[in-house]
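The structure file final_10.pdb is reproduced below (PDB, C-alpha atoms).
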ATOM      1  CA  MET A   1     -32.104 -15.583   9.918
ATOM      2  CA  ALA A   2     -31.677 -11.833  10.197
ATOM      3  CA  GLN A   3     -29.410 -10.476  12.883
ATOM      4  CA  THR A   4     -31.017  -8.737  15.832
ATOM      5  CA  PHE A   5     -29.930  -5.277  16.926
ATOM      6  CA  LYS A   6     -28.037  -6.833  19.838
ATOM      7  CA  ASP A   7     -26.165  -9.123  17.449
ATOM      8  CA  GLU A   8     -25.217  -6.208  15.219
ATOM      9  CA  ALA A   9     -24.119  -4.115  18.198
ATOM     10  CA  ARG A  10     -22.042  -6.988  19.561
ATOM     11  CA  ASP A  11     -20.389  -7.528  16.156
ATOM     12  CA  TYR A  12     -19.531  -3.840  15.900
ATOM     13  CA  LEU A  13     -18.027  -3.767  19.383
ATOM     14  CA  ILE A  14     -15.971  -6.855  18.599
ATOM     15  CA  GLN A  15     -14.668  -5.227  15.414
ATOM     16  CA  SER A  16     -13.774  -2.141  17.453
ATOM     17  CA  GLN A  17     -11.822  -4.309  19.866
ATOM     18  CA  LYS A  18      -9.978  -6.028  17.038
ATOM     19  CA  VAL A  19      -8.926  -2.752  15.390
ATOM     20  CA  LEU A  20      -7.708  -1.265  18.660
ATOM     21  CA  ALA A  21      -5.874  -4.503  19.457
ATOM     22  CA  ALA A  22      -4.213  -4.435  16.041
ATOM     23  CA  ALA A  23      -3.003  -0.894  16.731
ATOM     24  CA  ALA A  24      -1.806  -1.876  20.206
ATOM     25  CA  GLU A  25       0.151  -4.829  18.840
ATOM     26  CA  SER A  26       1.818  -2.882  16.014
ATOM     27  CA  GLN A  27       5.306  -1.712  16.961
ATOM     28  CA  GLU A  28       5.252   0.676  13.996
ATOM     29  CA  PHE A  29       1.986   2.250  15.139
ATOM     30  CA  LEU A  30       3.271   2.668  18.698
ATOM     31  CA  ALA A  31       6.537   4.147  17.426
ATOM     32  CA  ARG A  32       4.621   6.716  15.391
ATOM     33  CA  LEU A  33       2.560   7.699  18.415
ATOM     34  CA  ALA A  34       5.835   8.361  20.230
ATOM     35  CA  THR A  35       7.307  10.303  17.296
ATOM     36  CA  ILE A  36       4.221  12.507  16.961
ATOM     37  CA  SER A  37       4.222  13.183  20.698
ATOM     38  CA  GLU A  38       7.891  14.156  20.584
ATOM     39  CA  ALA A  39       7.345  16.466  17.605
ATOM     40  CA  ILE A  40       4.512  18.263  19.408
ATOM     41  CA  VAL A  41       6.511  18.564  22.630
ATOM     42  CA  ASN A  42       9.409  20.102  20.694
ATOM     43  CA  CYS A  43       7.016  22.456  18.915
ATOM     44  CA  PHE A  44       5.511  23.737  22.157
ATOM     45  CA  LYS A  45       8.923  24.054  23.818
ATOM     46  CA  ALA A  46      10.021  26.272  20.925
ATOM     47  CA  GLY A  47       6.957  28.504  21.298
ATOM     48  CA  GLY A  48       5.099  27.028  18.346
ATOM     49  CA  LYS A  49       1.536  25.902  17.890
ATOM     50  CA  VAL A  50      -0.444  22.970  16.537
ATOM     51  CA  LEU A  51      -2.882  23.496  13.657
ATOM     52  CA  LEU A  52      -5.484  20.812  12.925
ATOM     53  CA  ALA A  53      -7.981  20.214  10.145
ATOM     54  CA  GLY A  54     -10.396  17.569   8.909
ATOM     55  CA  ASN A  55     -13.808  17.204   7.263
ATOM     56  CA  GLY A  56     -17.034  15.928   8.791
ATOM     57  CA  GLY A  57     -16.330  13.661  11.742
ATOM     58  CA  SER A  58     -12.644  14.437  11.331
ATOM     59  CA  ALA A  59     -13.462  18.143  11.762
ATOM     60  CA  GLY A  60     -14.996  17.172  15.086
ATOM     61  CA  ASP A  61     -11.814  15.285  15.945
ATOM     62  CA  ALA A  62      -9.676  18.317  15.062
ATOM     63  CA  GLN A  63     -11.749  20.473  17.411
ATOM     64  CA  HIS A  64     -11.716  17.804  20.124
ATOM     65  CA  ILE A  65      -7.921  17.528  20.006
ATOM     66  CA  ALA A  66      -7.429  21.310  20.010
ATOM     67  CA  GLY A  67      -9.678  21.471  23.066
ATOM     68  CA  GLU A  68      -7.569  18.901  24.927
ATOM     69  CA  PHE A  69      -4.426  20.966  24.319
ATOM     70  CA  LEU A  70      -5.933  24.390  25.083
ATOM     71  CA  SER A  71      -7.925  23.283  28.115
ATOM     72  CA  ARG A  72      -6.613  20.155  29.821
ATOM     73  CA  LEU A  73      -6.735  16.388  29.534
ATOM     74  CA  ASN A  74      -5.594  14.630  32.705
ATOM     75  CA  PHE A  75      -4.651  17.441  35.102
ATOM     76  CA  ASP A  76      -4.503  21.200  35.579
ATOM     77  CA  ARG A  77      -1.703  22.978  33.714
ATOM     78  CA  ASN A  78      -1.065  25.951  31.448
ATOM     79  CA  PRO A  79      -2.893  25.993  28.086
ATOM     80  CA  LEU A  80      -1.080  24.827  24.961
ATOM     81  CA  ALA A  81      -1.462  26.668  21.648
ATOM     82  CA  ALA A  82      -3.668  24.626  19.315
ATOM     83  CA  ILE A  83      -6.065  25.836  16.627
ATOM     84  CA  ALA A  84      -8.697  23.819  14.782
ATOM     85  CA  LEU A  85      -9.049  25.313  11.296
ATOM     86  CA  THR A  86     -12.652  24.118  11.103
ATOM     87  CA  VAL A  87     -14.492  26.461  13.464
ATOM     88  CA  ASP A  88     -14.513  29.993  12.023
ATOM     89  CA  THR A  89     -17.535  30.096   9.742
ATOM     90  CA  SER A  90     -16.668  33.538   8.363
ATOM     91  CA  VAL A  91     -13.184  32.370   7.361
ATOM     92  CA  LEU A  92     -14.414  29.045   5.975
ATOM     93  CA  THR A  93     -17.205  30.580   3.915
ATOM     94  CA  ALA A  94     -15.064  33.474   2.692
ATOM     95  CA  ILE A  95     -12.286  31.198   1.475
ATOM     96  CA  GLY A  96     -14.762  28.662   0.129
ATOM     97  CA  ASN A  97     -16.647  31.350  -1.763
ATOM     98  CA  ASP A  98     -13.636  33.284  -3.050
ATOM     99  CA  TYR A  99     -11.155  30.489  -3.708
ATOM    100  CA  GLY A 100     -13.039  27.181  -3.492
ATOM    101  CA  TYR A 101     -13.569  24.564  -0.799
ATOM    102  CA  GLU A 102     -10.327  22.801  -1.640
ATOM    103  CA  GLN A 103      -8.424  25.822  -0.301
ATOM    104  CA  VAL A 104     -10.264  26.320   3.014
ATOM    105  CA  PHE A 105      -7.423  24.801   5.072
ATOM    106  CA  GLU A 106      -4.490  25.593   2.780
ATOM    107  CA  ARG A 107      -5.092  29.325   2.987
ATOM    108  CA  GLN A 108      -5.403  29.231   6.777
ATOM    109  CA  VAL A 109      -2.148  27.283   7.044
ATOM    110  CA  HIS A 110      -0.533  29.882   4.781
ATOM    111  CA  GLY A 111      -1.743  32.731   6.972
ATOM    112  CA  LEU A 112      -1.259  31.180  10.416
ATOM    113  CA  GLY A 113       1.509  28.608  10.060
ATOM    114  CA  LYS A 114       5.131  29.304  10.935
ATOM    115  CA  PRO A 115       8.262  27.147  10.561
ATOM    116  CA  GLY A 116       8.430  24.714  13.449
ATOM    117  CA  ASP A 117       4.654  24.584  13.985
ATOM    118  CA  VAL A 118       2.900  21.241  13.625
ATOM    119  CA  PHE A 119       0.031  20.723  11.172
ATOM    120  CA  ILE A 120      -2.164  17.669  11.743
ATOM    121  CA  GLY A 121      -4.321  16.771   8.744
ATOM    122  CA  ILE A 122      -7.048  14.207   9.451
ATOM    123  CA  SER A 123      -8.558  12.212   6.578
ATOM    124  CA  THR A 124     -10.009   8.734   6.977
ATOM    125  CA  SER A 125      -9.698   8.137   3.227
ATOM    126  CA  GLY A 126      -6.277   9.764   2.934
ATOM    127  CA  ARG A 127      -7.565  11.496  -0.207
ATOM    128  CA  SER A 128      -9.380  14.645   0.960
ATOM    129  CA  PRO A 129      -8.283  17.339  -1.522
ATOM    130  CA  ASN A 130      -8.392  20.189   0.989
ATOM    131  CA  ILE A 131      -6.264  18.217   3.457
ATOM    132  CA  LEU A 132      -3.737  17.300   0.767
ATOM    133  CA  ARG A 133      -3.424  20.949  -0.275
ATOM    134  CA  ALA A 134      -2.984  22.040   3.322
ATOM    135  CA  LEU A 135      -0.279  19.416   3.874
ATOM    136  CA  ARG A 136       1.588  20.615   0.780
ATOM    137  CA  LYS A 137       1.437  24.221   1.956
ATOM    138  CA  ALA A 138       2.504  23.262   5.486
ATOM    139  CA  ARG A 139       5.507  21.375   4.138
ATOM    140  CA  GLU A 140       6.384  24.303   1.860
ATOM    141  CA  LEU A 141       6.339  26.669   4.860
ATOM    142  CA  GLY A 142       8.479  24.445   7.075
ATOM    143  CA  LEU A 143       5.819  23.052   9.392
ATOM    144  CA  VAL A 144       6.048  19.495  10.673
ATOM    145  CA  THR A 145       3.339  17.626   8.761
ATOM    146  CA  VAL A 146       1.384  14.896  10.536
ATOM    147  CA  GLY A 147      -1.353  12.817   8.916
ATOM    148  CA  PHE A 148      -4.063  10.796  10.624
ATOM    149  CA  CYS A 149      -5.467   8.360   8.055
ATOM    150  CA  GLY A 150      -6.645   4.791   7.567
ATOM    151  CA  ALA A 151      -5.095   1.696   6.034
ATOM    152  CA  ARG A 152      -5.565   2.815   2.416
ATOM    153  CA  LYS A 153      -2.335   3.932   0.784
ATOM    154  CA  GLY A 154      -2.479   7.271  -0.972
ATOM    155  CA  GLU A 155      -0.850  10.573  -1.769
ATOM    156  CA  MET A 156      -1.294  11.741   1.812
ATOM    157  CA  LEU A 157       1.523   9.499   2.995
ATOM    158  CA  ASP A 158       4.010  11.242   0.710
ATOM    159  CA  LEU A 159       3.098  14.634   2.178
ATOM    160  CA  CYS A 160       3.517  13.684   5.834
ATOM    161  CA  ASP A 161       6.644  13.732   7.937
ATOM    162  CA  ILE A 162       4.762  11.317  10.218
ATOM    163  CA  ALA A 163       1.659   9.376   9.187
ATOM    164  CA  LEU A 164      -0.476   7.553  11.739
ATOM    165  CA  CYS A 165      -2.452   4.941   9.807
ATOM    166  CA  ALA A 166      -5.342   3.297  11.635
ATOM    167  CA  PRO A 167      -5.421  -0.435  10.789
ATOM    168  CA  SER A 168      -8.843  -0.337   9.111
ATOM    169  CA  GLU A 169     -10.553   0.875   5.937
ATOM    170  CA  PHE A 170     -13.935   1.360   7.685
ATOM    171  CA  THR A 171     -14.484   5.037   8.471
ATOM    172  CA  PRO A 172     -16.151   4.731  11.916
ATOM    173  CA  LEU A 173     -13.420   2.402  13.170
ATOM    174  CA  ILE A 174     -10.677   4.639  11.753
ATOM    175  CA  GLN A 175     -12.213   7.553  13.639
ATOM    176  CA  GLN A 176     -12.223   5.557  16.876
ATOM    177  CA  VAL A 177      -8.524   4.837  16.500
ATOM    178  CA  HIS A 178      -7.824   8.489  15.681
ATOM    179  CA  ILE A 179      -9.449   9.952  18.780
ATOM    180  CA  THR A 180      -8.026   7.253  21.043
ATOM    181  CA  SER A 181      -4.575   7.926  19.606
ATOM    182  CA  ALA A 182      -5.057  11.660  20.088
ATOM    183  CA  HIS A 183      -5.802  11.117  23.766
ATOM    184  CA  ILE A 184      -2.621   9.060  24.109
ATOM    185  CA  ILE A 185      -0.592  11.772  22.366
ATOM    186  CA  CYS A 186      -2.137  14.615  24.388
ATOM    187  CA  GLY A 187      -1.525  12.695  27.593
ATOM    188  CA  GLU A 188       2.131  12.157  26.756
ATOM    189  CA  VAL A 189       2.610  15.804  25.754
ATOM    190  CA  GLU A 190       1.074  16.928  29.053
ATOM    191  CA  LYS A 191       3.287  14.582  31.017
ATOM    192  CA  GLN A 192       6.459  15.672  29.228
ATOM    193  CA  LEU A 193       5.772  19.396  29.555
ATOM    194  CA  PHE A 194       4.157  19.526  32.989
ATOM    195  CA  ARG A 195       5.569  16.683  35.048
ATOM    196  CA  GLN A 196       5.263  18.761  38.207
ATOM    197  CA  ASN A 197       1.480  18.988  37.718
ATOM    198  CA  ALA A 198       0.930  15.316  36.946
ATOM    199  CA  GLY A 199      -0.209  14.445  40.445
ATOM    200  CA  VAL A 200      -2.821  17.196  40.508
ATOM    201  CA  THR A 201      -6.235  16.210  39.175
ATOM    202  CA  ALA A 202      -8.931  18.809  38.530
ATOM    203  CA  SER A 203     -12.499  18.159  39.612
TER     204      SER A 203
END
Give the structure from this file in structure tokens form.
Amino acid sequence: MAQTFKDEARDYLIQSQKVLAAAAESQEFLARLATISEAIVNCFKAGGKVLLAGNGGSAGDAQHIAGEFLSRLNFDRNPLAAIALTVDTSVLTAIGNDYGYEQVFERQVHGLGKPGDVFIGISTSGRSPNILRALRKARELGLVTVGFCGARKGEMLDLCDIALCAPSEFTPLIQQVHITSAHIICGEVEKQLFRQNAGVTAS
């Protein structure tokens, strides 16, 4: 008997719960959340910035995370320097046309990144060529390299100072873990940098 829509929706929600529970129960995963948060706090304290990049849904995540840093997450506070390398169509199309799509993030990292900045490369497969190239360039320039990926092992792990691996190989569930993790990280960064504002909630 074929599943109904409600059955399929229930199964998906249950799988979502299981993946998030697996992340919550993993001491390694939790430790990496803490390490990433600390690296970003140190970056901002030193006057640095966070660069982010991804493709497709992960491009949306990069922009979402940059927005949380530049605007606010849980309370009013000063903006934090974060740039999603996915939003400038003139830059993306110029680099893509002149150098190829695989260089669209690498060249931006080269031009914008400074030692001590943090580069977050987001790839659910862990194999996106333009993310791998950007991670290599970031490491070459002395940025802290952070990867958001899934459970598949790949070259990305070797290019990251800190890799946050969602416990799934299913893209939509990996993306759910990524954005949830980003909210946890942004919340911790806010708290560490602006403790005095933590009791103030914006409407």
I would like the residues chosen by the PyMOL selection byres ((chain A and resi 184) around 12) on the shown file; could you give them as a VMD selection string?
chain A and resid 24 30 32 to 34 36 to 37 65 68 73 to 74 177 to 183 185 to 191
Can you list, as a list in words, the residues that the PyMOL selection byres ((chain A and resi 146) around 7) selects here?
Phe119, Ile120, Gly121, Val144, Thr145, Gly147, Phe148, Cys160, Asp161, Ile162 and Ala163 of chain A
Using all atoms listed in the file, which residues sit within 10 Å of Val109 (chain A) once same-chain residues fewer than 5 positions away are excluded, as a PyMOL selection string?
chain A and resi 51-53+85+103-104+114+119+133-138+141+143
Once you add 3 Å to each side, what are the centre and edge lengths of the axis-aligned box holding all listed atoms of region 31-46 of chain A? One decimal in Å, as AutoDock Vina command-line options, if you can.
--center_x 6.3 --center_y 15.2 --center_z 19.6 --size_x 13.5 --size_y 28.1 --size_z 14.4
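Closest approach to Ala94 (chain A) among A:Ser58, A:Asn78, A:Gln108, A:Ser26 is made by A:Gln108 (distances from all atoms listed in the file).
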Missing atoms of region 120-148 of chain A rebuilt to N, CA and C atoms, written as an mmCIF file, in the coordinates of the input:
data_model
loop_
_atom_site.group_PDB
_atom_site.id
_atom_site.type_symbol
_atom_site.label_atom_id
_atom_site.label_comp_id
_atom_site.auth_asym_id
_atom_site.auth_seq_id
_atom_site.Cartn_x
_atom_site.Cartn_y
_atom_site.Cartn_z
ATOM 1 N N ILE A 120 -1.580 19.014 11.732
ATOM 2 C CA ILE A 120 -2.164 17.669 11.743
ATOM 3 C C ILE A 120 -3.355 17.663 10.795
ATOM 4 N N GLY A 121 -3.241 16.931 9.700
ATOM 5 C CA GLY A 121 -4.321 16.771 8.744
ATOM 6 C C GLY A 121 -4.987 15.422 8.959
ATOM 7 N N ILE A 122 -6.299 15.428 9.138
ATOM 8 C CA ILE A 122 -7.048 14.207 9.451
ATOM 9 C C ILE A 122 -7.944 13.853 8.272
ATOM 10 N N SER A 123 -7.746 12.660 7.713
ATOM 11 C CA SER A 123 -8.558 12.212 6.578
ATOM 12 C C SER A 123 -8.659 10.698 6.629
ATOM 13 N N THR A 124 -9.854 10.184 6.871
ATOM 14 C CA THR A 124 -10.009 8.734 6.977
ATOM 15 C C THR A 124 -9.709 8.041 5.653
ATOM 16 N N SER A 125 -9.977 8.721 4.545
ATOM 17 C CA SER A 125 -9.698 8.137 3.227
ATOM 18 C C SER A 125 -8.252 8.347 2.813
ATOM 19 N N GLY A 126 -7.616 9.388 3.371
ATOM 20 C CA GLY A 126 -6.277 9.764 2.934
ATOM 21 C C GLY A 126 -6.271 10.501 1.608
ATOM 22 N N ARG A 127 -7.465 10.888 1.118
ATOM 23 C CA ARG A 127 -7.565 11.496 -0.207
ATOM 24 C C ARG A 127 -8.283 12.847 -0.213
ATOM 25 N N SER A 128 -8.613 13.395 0.930
ATOM 26 C CA SER A 128 -9.380 14.645 0.960
ATOM 27 C C SER A 128 -8.578 15.770 0.305
ATOM 28 N N PRO A 129 -9.075 16.342 -0.791
ATOM 29 C CA PRO A 129 -8.283 17.339 -1.522
ATOM 30 C C PRO A 129 -7.866 18.533 -0.673
ATOM 31 N N ASN A 130 -8.761 19.007 0.201
ATOM 32 C CA ASN A 130 -8.392 20.189 0.989
ATOM 33 C C ASN A 130 -7.335 19.861 2.048
ATOM 34 N N ILE A 131 -7.310 18.633 2.516
ATOM 35 C CA ILE A 131 -6.264 18.217 3.457
ATOM 36 C C ILE A 131 -4.935 18.044 2.726
ATOM 37 N N LEU A 132 -4.969 17.466 1.543
ATOM 38 C CA LEU A 132 -3.737 17.300 0.767
ATOM 39 C C LEU A 132 -3.115 18.656 0.435
ATOM 40 N N ARG A 133 -3.945 19.621 0.048
ATOM 41 C CA ARG A 133 -3.424 20.949 -0.275
ATOM 42 C C ARG A 133 -2.833 21.620 0.960
ATOM 43 N N ALA A 134 -3.492 21.443 2.088
ATOM 44 C CA ALA A 134 -2.984 22.040 3.322
ATOM 45 C C ALA A 134 -1.664 21.402 3.734
ATOM 46 N N LEU A 135 -1.541 20.100 3.556
ATOM 47 C CA LEU A 135 -0.279 19.416 3.874
ATOM 48 C C LEU A 135 0.851 19.914 2.981
ATOM 49 N N ARG A 136 0.564 20.097 1.698
ATOM 50 C CA ARG A 136 1.588 20.615 0.780
ATOM 51 C C ARG A 136 2.046 22.007 1.212
ATOM 52 N N LYS A 137 1.092 22.863 1.541
ATOM 53 C CA LYS A 137 1.437 24.221 1.956
ATOM 54 C C LYS A 137 2.219 24.199 3.270
ATOM 55 N N ALA A 138 1.799 23.357 4.203
ATOM 56 C CA ALA A 138 2.504 23.262 5.486
ATOM 57 C C ALA A 138 3.944 22.825 5.274
ATOM 58 N N ARG A 139 4.142 21.849 4.422
ATOM 59 C CA ARG A 139 5.507 21.375 4.138
ATOM 60 C C ARG A 139 6.322 22.482 3.475
ATOM 61 N N GLU A 140 5.710 23.206 2.551
ATOM 62 C CA GLU A 140 6.384 24.303 1.860
ATOM 63 C C GLU A 140 6.844 25.377 2.847
ATOM 64 N N LEU A 141 6.049 25.614 3.893
ATOM 65 C CA LEU A 141 6.339 26.669 4.860
ATOM 66 C C LEU A 141 7.250 26.210 5.996
ATOM 67 N N GLY A 142 7.584 24.935 6.043
ATOM 68 C CA GLY A 142 8.479 24.445 7.075
ATOM 69 C C GLY A 142 7.807 23.961 8.342
ATOM 70 N N LEU A 143 6.502 23.658 8.258
ATOM 71 C CA LEU A 143 5.819 23.052 9.392
ATOM 72 C C LEU A 143 6.112 21.551 9.416
ATOM 73 N N VAL A 144 6.009 20.953 10.572
ATOM 74 C CA VAL A 144 6.048 19.495 10.673
ATOM 75 C C VAL A 144 4.669 18.984 10.258
ATOM 76 N N THR A 145 4.622 18.105 9.273
ATOM 77 C CA THR A 145 3.339 17.626 8.761
ATOM 78 C C THR A 145 3.023 16.238 9.318
ATOM 79 N N VAL A 146 1.849 16.144 9.937
ATOM 80 C CA VAL A 146 1.384 14.896 10.536
ATOM 81 C C VAL A 146 0.056 14.533 9.885
ATOM 82 N N GLY A 147 -0.098 13.289 9.487
ATOM 83 C CA GLY A 147 -1.353 12.817 8.916
ATOM 84 C C GLY A 147 -1.976 11.737 9.761
ATOM 85 N N PHE A 148 -3.262 11.862 10.017
ATOM 86 C CA PHE A 148 -4.063 10.796 10.624
ATOM 87 C C PHE A 148 -4.915 10.227 9.491
#
